[in-house]
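Report on the following structure.
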Amino acid sequence: MAGQACAIIGLVTFILFVVIGIVILTVAPPIIHDMTESNIVLSTRGIGYGFWKSPPFPILLQLWVWNLTNPDDVMRGAKPKISQIGPFTYRENRPKTNITFDSQNNTVSYISPQSYVFAPELSFCDPTKINFTTINVPYITAVSEASFWGVVDRVGVTLAAKMTHSTVFKSVRVYDFIWGYTDPFLEELKKVKKDAVPTTFFGIFAGRNNSHDGVYVVDSGKRNSSFTNVIQTFNGDRLLTFWSTEQCNMINGTDATYNPPFLDENEPVYVFSSDICRSIKASFEGLRKVQGITVHRYVGPPDDFDSGLVNPANLGFCTPDSSHCLPGGLLNVSNCQKNAPVVMSLPHFLYTDPAVQDMIADGIYPDKEHHQTFFDIEPQTGAPLRINKRLQINVHVKAYEQFLDWKHLPEIYLPTMWLNESTSIGDDNGSEFRWLTLYPHLITLCVGWGLVAIGLILIIVSVTVFFMRKRKGPRNSRVLVNEETETWDNETQYLDPST
């Protein structure tokens, strides 16, 4: 009886192992889901808040400038030959400050001041000690604007150029081109036409260091986690004003530093970039590994860069109207760049119309691996574990018949600089992130399936032993009876009948 009781207790215990394992496999994933969700939505109590407020991964800004090697030939109508110089690398810091929670609307407002520190060990050389030849951006901006002015004002532009010895192409220090300098031509032009010169200080990133791009108001995600950090307004506006259709002026998605959790690979990710004054769509390309963590890679699909004449969804980016569409792969951002004839593209004209690439005689070598923008995002948390945001800044150069120096120039989109703004999770953060994302699911699977497997194995063993013993039991009993009978008979043979 005691043996049977032990067997029953053991069997029940093993069945409990299986049941507990199934319960863990069933109950734990929703619990992990809810815990992830509660930590990702924007709240001071959530683990993700610190990640959102001050991204822990280092951010690098790498810059390459394009040196024009045949300026005299281009002045006579030849195609330009260019070569890139760089990188010039800066460590970027961009925390979120002035954070204000609005519990009634479930939104959070903030600004993100950006600061840059030069990293000489990651750079080609000191940008203050090297010059390169490029288009004279202040001069061409004035000429472009003056083509719509009266004769007197156009003469003023010519005189300002003569007095300051300004030329179409100029040698400029790399540091000055990036961070800015006071331009003599603009100073002189300001005397002639004050309202046409908002500032005499020019630089691609002039005023950007130790400043912010605007005030963001984003969804906290508390009502619906799929809207976490999705931008509601930028500088108080729900729509931009730079483009010709409402669709193109829409502010979609996040700022790319923090995304909603539980991403679906069948749905695109939208990112708003104030650098190019628009939102961009990124589509799922495939799975990648970052520090042993599986991520979704999202990239801008090539058709998203098509001309509005090819992709009607992009017609709104033709400014001032659809009769001014640029070739595929180019974006006219003059409306948001103080009317400078600035055109954005991917580096080395990746995905641009072949006719644009053919405008450059030598120096352009587009390569998807090195020139494409991509976002590697951990799908459960929405955390961006690796980002490479790449842009090229070009100037639309063409002949201006009213100005002698500009009469014979070919029409080209001349590259001036390209950049790679990147971040990637490091070893220390990678280990911590695995504990937050990978290991809870792994432990759940191991413990759950482990208990199920151990329970099933022990149940099979127990049942097998039980039936084996049951089969052997009667045979042993018969042997015992025979042995007892034989012993009795032997003893009986030695009894004396007379006693």
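Labeling convention for the structure tokens: chains A, B, ... as they appear, residues from 1 per chain, ligands from 1 in order of appearance.
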Residue list (alpha helix (DSSP H), DSSP) for segment 22-196 of chain A, as a ChimeraX atom specification: /A:22-40,47-53,71-75,137-146,151-163,174-179,184-192
At a cut-off of 8 Å, can you tabulate as a Markdown table every residue of segment 268-361 of chain A near segment 390-405 of chain A together with its closest atom pair and the distance in Å to one decimal, using only C-alpha atoms and ordering rows by chain then number?
```
| residue | atom | partner | partner_atom | distance |
| --- | --- | --- | --- | --- |
| A:Pro341 | CA | A:His396 | CA | 5.6 |
| A:Val342 | CA | A:Val395 | CA | 4.7 |
| A:Val343 | CA | A:Asn394 | CA | 5.0 |
| A:Met344 | CA | A:Ile393 | CA | 5.1 |
| A:Ser345 | CA | A:Gln392 | CA | 5.1 |
| A:Leu346 | CA | A:Leu391 | CA | 4.9 |
| A:Pro347 | CA | A:Gln392 | CA | 4.8 |
| A:His348 | CA | A:Gln392 | CA | 7.5 |
| A:Phe349 | CA | A:Gln392 | CA | 7.8 |
```
Dump of all heavy atoms for the selected residues, as a compact mmCIF listing (two decimals), in the first residue's frame:
```txt
# COMPACT_ATOMS: atom_id res chain seq x y z
N PRO A 341 19.69 78.09 -52.80
CA PRO A 341 19.34 77.03 -53.77
C PRO A 341 19.91 75.66 -53.35
O PRO A 341 20.71 75.04 -54.07
CB PRO A 341 19.96 77.53 -55.07
CG PRO A 341 21.12 78.36 -54.63
CD PRO A 341 20.70 79.02 -53.34
N VAL A 342 19.51 75.23 -52.16
CA VAL A 342 20.03 74.00 -51.58
C VAL A 342 19.12 72.83 -51.94
O VAL A 342 17.90 72.91 -51.83
CB VAL A 342 20.16 74.13 -50.05
CG1 VAL A 342 20.57 72.80 -49.43
CG2 VAL A 342 21.16 75.22 -49.69
N VAL A 343 19.75 71.74 -52.37
CA VAL A 343 19.02 70.53 -52.76
C VAL A 343 19.62 69.36 -51.99
O VAL A 343 20.84 69.16 -51.99
CB VAL A 343 19.15 70.30 -54.29
CG1 VAL A 343 18.51 68.97 -54.67
CG2 VAL A 343 18.50 71.45 -55.05
N MET A 344 18.75 68.58 -51.35
CA MET A 344 19.21 67.42 -50.57
C MET A 344 19.12 66.14 -51.40
O MET A 344 18.26 66.00 -52.28
CB MET A 344 18.36 67.26 -49.32
CG MET A 344 18.49 68.39 -48.32
SD MET A 344 20.12 68.42 -47.54
CE MET A 344 19.81 69.59 -46.20
N SER A 345 20.02 65.22 -51.08
CA SER A 345 19.99 63.88 -51.69
C SER A 345 20.68 62.92 -50.74
O SER A 345 21.17 63.33 -49.68
CB SER A 345 20.69 63.89 -53.05
OG SER A 345 22.11 64.04 -52.88
N LEU A 346 20.72 61.68 -51.12
CA LEU A 346 21.56 60.74 -50.40
C LEU A 346 23.01 60.92 -50.88
O LEU A 346 23.25 61.41 -51.98
CB LEU A 346 21.10 59.30 -50.63
CG LEU A 346 19.76 58.92 -49.97
CD1 LEU A 346 19.37 57.50 -50.35
CD2 LEU A 346 19.83 59.06 -48.45
N PRO A 347 24.00 60.54 -50.06
CA PRO A 347 25.40 60.71 -50.45
C PRO A 347 25.72 60.04 -51.79
O PRO A 347 25.18 58.98 -52.11
CB PRO A 347 26.17 60.06 -49.30
CG PRO A 347 25.26 60.17 -48.12
CD PRO A 347 23.88 60.01 -48.68
N HIS A 348 26.60 60.68 -52.53
CA HIS A 348 27.04 60.18 -53.83
C HIS A 348 25.87 59.98 -54.79
O HIS A 348 25.94 59.16 -55.70
CB HIS A 348 27.83 58.87 -53.67
CG HIS A 348 29.21 59.07 -53.10
ND1 HIS A 348 30.36 58.89 -53.83
CD2 HIS A 348 29.62 59.43 -51.85
CE1 HIS A 348 31.42 59.13 -53.07
NE2 HIS A 348 30.99 59.45 -51.85
N PHE A 349 24.78 60.71 -54.54
CA PHE A 349 23.59 60.66 -55.39
C PHE A 349 23.01 59.25 -55.49
O PHE A 349 22.51 58.84 -56.54
CB PHE A 349 23.88 61.20 -56.79
CG PHE A 349 24.08 62.69 -56.83
CD1 PHE A 349 25.18 63.24 -57.47
CD2 PHE A 349 23.18 63.55 -56.22
CE1 PHE A 349 25.38 64.61 -57.51
CE2 PHE A 349 23.38 64.93 -56.26
CZ PHE A 349 24.47 65.47 -56.90
```
Strand (DSSP E or B) call set, DSSP backbone run, segment 201-385 of chain A, as a count of residues only: 53
Who sits within 12 Å of Lys338 of chain A, only C-alpha atoms, same chain under 6 positions skipped, as an NGL selection string: :A and (137-138 or 141-142 or 144-145 or 196-199 or 202 or 204 or 242)
6 Å contact set for Thr133 of chain A, only C-alpha atoms, chain neighbours under 3 positions out, as JSON, numbers by chain: {"A": [67, 68, 170, 171]}
Nearby residues (only C-alpha atoms) at most 8 Å from Thr319 of chain A, same-chain spacing under 5 positions excluded, as a ChimeraX atom specification: /A:243-244,324-325,332
Could you name the residues that touch Lys194 of chain A at 12 Å or less, counting only C-alpha atoms, but leaving out those on the same chain fewer than 5 positions away, as a PDB file with C-alpha atoms, in the first residue's frame?
```
ATOM      1  CA  ASP A 153      19.393  95.965 -57.379  1.00  0.00           C
ATOM      2  CA  GLY A 156      24.205  96.333 -56.512  1.00  0.00           C
ATOM      3  CA  VAL A 157      24.927  92.613 -56.351  1.00  0.00           C
ATOM      4  CA  LEU A 186      27.038  89.685 -47.564  1.00  0.00           C
ATOM      5  CA  GLU A 187      28.274  92.598 -45.452  1.00  0.00           C
ATOM      6  CA  GLU A 188      28.661  94.751 -48.544  1.00  0.00           C
ATOM      7  CA  LEU A 189      25.357  93.611 -50.063  1.00  0.00           C
ATOM      8  CA  THR A 199      22.379  87.686 -41.677  1.00  0.00           C
ATOM      9  CA  THR A 200      25.956  88.196 -42.808  1.00  0.00           C
TER      10      THR A 200
END
```
Residues within 12 Å of segment 112-127 of chain A, only C-alpha atoms, excluding chain neighbours under 5 positions, as a PyMOL selection string: chain A and resi 52-55+58-65+84-99+132+172-179+205+207-217+255+257+274+421
A:Ser225, A:Asn339, A:Gln291, A:Asn259 ranked by distance to Gly426 of chain A, top pick (using only C-alpha atoms): A:Gln291
Between atom CA of Glu378 of chain A and atom CA of Trp418 of chain A, distance in Å (one decimal):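 Atom-to-atom, atom CA of Glu378 of chain A to atom CA of Trp418 of chain A, that is 27.6 Å.
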Given only C-alpha atoms as the counted atoms, nearest of A:Thr416, A:Thr352, A:Thr107, A:Gln380 to Asn136 of chain A: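 Among the listed residues, the smallest separation from Asn136 of chain A belongs to A:Thr416.
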Proximity to Ile377 of chain A - best of A:Val295, A:Ala78, A:Ile280, A:Ile9, only C-alpha atoms: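 Once distances to Ile377 of chain A are computed over only C-alpha atoms, the minimum belongs to A:Val295.
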